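Student: The structure follows.
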Amino acid sequence: MNPKPAPIANSLDPLFRPSSVAVVGASDKPNSIGGSVLSNLLRDGYSGKIFPVNPNATEVKGLRAFPSVKDIKQPVDLAVIAVPAKFVESVVDDCIVAEVRGLVVITSGFAESSKEGLTLERRITEKVRAAGIRMVGPNCMGLLNTDADYRLNVTFTPIWPPAGNIGILSQSGALGLTILDHVRQLNLGISSFISVGNKADVSGNDLLEYWADDPHTDVILLYLESFGNPRKFARIAPRVVRKKPIIAVKAGRSAAGSRAASSHSAALASLDVAVDALFDQTGVLRTDTLESMFDIAALLSTQPIPAGPRVGVVSNAGGPSILLADACEAHGLKLPPLCGPTTEALREFLPSHAGFANPIDLVGSDRPEDFERAVRIVGNDPNIDAVVVIFIPPLLTTRPEDVAAAIARAAGEIPKDRPILNVFLSSQGTPEMLGSGRRGRIPSYRYPENAAISLAAAYECGQWRKRPEGRATVIPMPAVDRMRRAIEQAQVGAGENFWLSAEHTAEVLDAVGIPMAESHVSSLEGASAAAQKIGFPVVLKAVAPGLVHKSDVGGVVLGLKSVDEVARAAVGLRQRMAEVGVDLRDVLVQQQIDGGIEMLIGVTTDPVFGPLIVCGMGGVQVELLKDVSFRLTPVRDTDAADMVAKLRSAPLLRGYRGSAPADESAVIEAIMKVSSLVEIAPEILELDLNPIKVLEPGRGIVVVDARIRATPKTP
């Protein structure tokens, strides 16, 4: 009988909070991995029992050694395995017999190296899961926990970082070494660090759940190279972000190219687009560089999230203040005018030639007492949500340490809900005195732009938290049944992925309440009669198997206003299609919808991320302009509204420069219906509604062209 799965937080306790650790492969040999892990446990003051395991030694580094984990005959919470890959499985078997609760497999040579390694990794993973053991790795550098009650370091790096409130995950072992070295140089305090390697068992999703409930962790940093289960991430991350910020660097932007695909929706998507959509949707702060990740972490781990975008700036140099102001504006922050009493208070002690508009420019006044008073006064202004202090040390006069201490004292008199940041433009770095006040550590940046970007990210996190969770569209069961019947009818005879007919596509859309322009499929000879039934003007579109982008080959004729025009257009279509090798038998005769704004709503399916919803400005230029946004399903109203708002062309929907506004709410509702549609019908691989005509407010939308690609019926 398999053990009952423990809650994530409890199941990972043996990894981060073990009472005893066995090091399999422990050795006195210099530069050996097992020896390094054992040395770190001893040097960094691990509080529990340590058991070296080496069949060829009776003692390692002054501790009694055991031939195998089975021979320890004492409870072992955590076993660290650092032996050649061919021996790992037998060691795991021993750990199962000894009822070890957690494993860290540092050894490489598994799924990352060969098919045989993948098979071995899967076999080991099945064994540990059946035994209820949690395993980190293989192919990792280990983990550490700075909690004073444990002081656990089962990595092979000698770096012991400062204790603090940041949890760090690195998918790369080599980069993990750099990360630990960097946090020590920056004096960033971390609660725990883990290198997950191949993620055979313990995943990033597990760690998010663990850190969500960890009282020692307030900020989470992720360096990711791949996603194992992005949809689970999408469920977990929003709950975590509402309590603790998540900052992520996802490698692989440049490798993510556009797909060679048959629909606009698929051609616009890429793996990196899916990652951006996932992070936007879940409130995760994505950065392009490790430097930016650490900059943001320095702020969020020491300061409150700003309540608003208003920034007050105090500086002793005009140039850096201008750079900061420009960067703030570029990232959605504002430098508002200060209120009258604030300006009056500043005039009482600053020279008349100082700058009293925000930013406050002390104009070369470097006296610590001036900085202290100015920062305190600006920081208490009711028009301000955050404070940035910029200081360039003078060559001969004031000591930077004295100004740093003055800023620290002033920070202690600023409301606790207002973050304060410092830019110390000095090759000597930031004096330690900056963290000497009641406020504690104040993040300091080398350049004004870094401070602005970090503050903007913190504000973005706060705004995301304020968003309601939103609602999803629920399609009534009668509509679901009707839509399913249409898809199942379309699947009849399909042996591979296929495009639904125009009739079945229209039926599916009508079932879920997405209006489409009236249309009929007709023979070439019957096109005029179909047009009369619909009413003029009409559009004529070529219909043939494999003909997807009709406009590219002249397969669309607009503005037909009479029976004769339709007849002539049908003849012309047949001739043009013959020139491109298409034997045209049928045409789609459709009501022409004039006016409105053209948009696209679509679906593409990523093999890892699943269905992605896309919206943007539509028409034939959609792939050229690429003014689109993506979300993973399910898409709620808040997500759909955000998708529309992120478009560069969104102002067109709201009446740009005197033009008539369009029904933006109908677009949002249509996005949600498409999301619900593909959730209900996983057979749908791609969907293009392009163009959609967005009419005046209250008149809704009308789909002008629609295509759906689906999988055949499963036997």
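Letters for chains follow the order of the structure tokens (A, B, ...), residue numbers begin at 1 for each chain, and ligand numbers begin at 1 in the order shown.
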Hey, what's within 9 Å of region 351-365 of chain A if we count only C-alpha atoms and toss same-chain stuff fewer than 2 positions away? As a PyMOL selection string, please?

Tutor: chain A and resi 311-318+321-322+325+335-338+343+346-349+367-368+370-371+374+378+394

Student: Quick one: residues within 12 Å of Thr638 (chain A), only C-alpha atoms counted, chain neighbours fewer than 3 positions away excluded, as a list in words?

Tutor: Asp280, Gln281, Thr282, Trp464, Lys466, Arg467, Pro468, Glu469, Gly470, Arg471, Ala472, Thr473, Arg631, Pro634, Val635, Ala641, Asp642, Met643, Val644, Ala645, Ser665, Ile668, Glu669, Ile671 and Met672 of chain A

Student: Between A:Ala458, A:Ala307, A:Val512, A:Cys140, which is the closest to Asp417 (chain A) once you count only C-alpha atoms?

Tutor: A:Ala307

Student: Smallest atom-to-atom distance to Ile296 (chain A): which of A:Tyr459, A:Ile179, A:Gly35, A:Asp206, using only C-alpha atoms?

Tutor: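 Answer, going by the shortest atom-to-atom distance: A:Tyr459.
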
Student: Find, counting only C-alpha atoms, the residue in A:Leu695, A:Val154, A:Val97, A:Ala529 that gets nearest to Ser39 (chain A).

Tutor: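 The answer is A:Val154, which sits nearest to Ser39 (chain A).
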
Student: Could you pull the residues within 8 Å of region 228-245 of chain A, counting only C-alpha atoms, minus those fewer than 4 positions along the same chain, as a list in words?

Tutor: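 Close residues of region 228-245 of chain A: Ser203, Asn205, Leu208, Glu209, Ala212, Asp218, Val219, Ile220, Leu278, Gln281, Thr282, Gly283, Val284, Leu285, Leu300, Cys461, Arg465, Val608 and Phe609 of chain A.
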
Student: Using backbone DSSP assignments, extract all helix (DSSP H, G or I) residues from region 163-378 of chain A; output them as a PyMOL selection string.

Tutor: chain A and resi 173-186+204-212+230-241+264-268+271-282+290-300+318-330+340-347+368-378

Student: Could you give me, as a VMD selection string, the residues within 10 Å of region 124-134 of chain A, counting only C-alpha atoms and dropping anything in the same chain fewer than 6 positions from it?

Tutor: chain A and resid 1 to 6 8 11 to 15 77 to 78 88 to 90 92 to 93 95 to 97 99 to 104 118 200 to 202

Student: Residues at most 8 Å from Ile190 (chain A), counting only C-alpha atoms, excluding those fewer than 5 positions away in the same chain, as a PDB file with N, CA, C and O atoms, in the first residue's frame?

Tutor:
ATOM      1  N   THR A 146      19.352  28.792   5.652  1.00  0.00           N
ATOM      2  CA  THR A 146      20.114  29.642   6.574  1.00  0.00           C
ATOM      3  C   THR A 146      19.480  29.773   7.947  1.00  0.00           C
ATOM      4  O   THR A 146      20.040  30.437   8.818  1.00  0.00           O
ATOM      5  N   PRO A 161      25.683  32.186   2.245  1.00  0.00           N
ATOM      6  CA  PRO A 161      25.148  33.537   2.038  1.00  0.00           C
ATOM      7  C   PRO A 161      24.605  34.140   3.327  1.00  0.00           C
ATOM      8  O   PRO A 161      24.352  33.424   4.310  1.00  0.00           O
ATOM      9  N   PRO A 162      24.391  35.449   3.342  1.00  0.00           N
ATOM     10  CA  PRO A 162      23.781  36.079   4.510  1.00  0.00           C
ATOM     11  C   PRO A 162      22.355  35.553   4.722  1.00  0.00           C
ATOM     12  O   PRO A 162      21.628  35.290   3.765  1.00  0.00           O
ATOM     13  N   ALA A 163      21.976  35.393   5.966  1.00  0.00           N
ATOM     14  CA  ALA A 163      20.608  34.951   6.277  1.00  0.00           C
ATOM     15  C   ALA A 163      19.634  36.091   6.007  1.00  0.00           C
ATOM     16  O   ALA A 163      19.942  37.264   6.220  1.00  0.00           O
ATOM     17  N   GLY A 164      18.441  35.741   5.525  1.00  0.00           N
ATOM     18  CA  GLY A 164      17.440  36.759   5.235  1.00  0.00           C
ATOM     19  C   GLY A 164      16.115  36.135   4.863  1.00  0.00           C
ATOM     20  O   GLY A 164      15.796  35.019   5.292  1.00  0.00           O
ATOM     21  N   ASN A 165      15.357  36.821   4.022  1.00  0.00           N
ATOM     22  CA  ASN A 165      13.973  36.417   3.749  1.00  0.00           C
ATOM     23  C   ASN A 165      13.694  36.120   2.281  1.00  0.00           C
ATOM     24  O   ASN A 165      12.553  36.161   1.850  1.00  0.00           O
ATOM     25  N   ILE A 166      14.724  35.808   1.496  1.00  0.00           N
ATOM     26  CA  ILE A 166      14.554  35.521   0.073  1.00  0.00           C
ATOM     27  C   ILE A 166      14.779  34.040  -0.182  1.00  0.00           C
ATOM     28  O   ILE A 166      15.820  33.490   0.184  1.00  0.00           O
ATOM     29  N   GLY A 167      13.801  33.380  -0.813  1.00  0.00           N
ATOM     30  CA  GLY A 167      13.964  32.002  -1.259  1.00  0.00           C
ATOM     31  C   GLY A 167      14.352  31.988  -2.722  1.00  0.00           C
ATOM     32  O   GLY A 167      13.753  32.693  -3.537  1.00  0.00           O
ATOM     33  N   ILE A 168      15.360  31.188  -3.079  1.00  0.00           N
ATOM     34  CA  ILE A 168      15.888  31.188  -4.446  1.00  0.00           C
ATOM     35  C   ILE A 168      15.869  29.775  -5.018  1.00  0.00           C
ATOM     36  O   ILE A 168      16.349  28.833  -4.389  1.00  0.00           O
ATOM     37  N   THR A 217      10.405  33.107   4.601  1.00  0.00           N
ATOM     38  CA  THR A 217      10.539  33.568   3.224  1.00  0.00           C
ATOM     39  C   THR A 217       9.467  34.598   2.898  1.00  0.00           C
ATOM     40  O   THR A 217       8.279  34.332   3.068  1.00  0.00           O
TER      41      THR A 217
END

Student: In Å, with one decimal, what is the gap from CA of Arg184 (chain A) to CA of Ile159 (chain A)?

Tutor: 8.0 Å

Student: Name the residues in contact with Pro393 (chain A) at a cut-off of 12 Å, using only C-alpha atoms, excluding same-chain residues fewer than 3 positions from it; report them as a VMD selection string.

Tutor: chain A and resid 315 to 317 364 to 368 390 396 to 404 423 to 431

Student: Can you tell me which residues surround Leu689 (chain A) at a distance of at most 7 Å, considering only C-alpha atoms, apart from same-chain residues fewer than 3 positions away, and format the answer as a PyMOL selection string?

Tutor: chain A and resi 600-602+692+703+705-707

Student: Pick out the closest residue to Lys199 (chain A) from this set: A:Val674, A:Ala111, A:Ala297, A:Ala148. Count only C-alpha atoms.

Tutor: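 Among A:Val674, A:Ala111, A:Ala297, A:Ala148, it is A:Ala111 that comes nearest to Lys199 (chain A).
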
Student: Pick out the closest residue to Ser523 (chain A) from this set: A:Ala277, A:Val69, A:Leu224, A:Ala567. Count only C-alpha atoms.

Tutor: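 Looking only at the distances to Ser523 (chain A), the closest residue turns out to be A:Ala567.
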
Student: What is the CA of Leu421 (chain A) to CA of Leu188 (chain A) distance in Å?

Tutor: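 So the answer is 14.9 Å.
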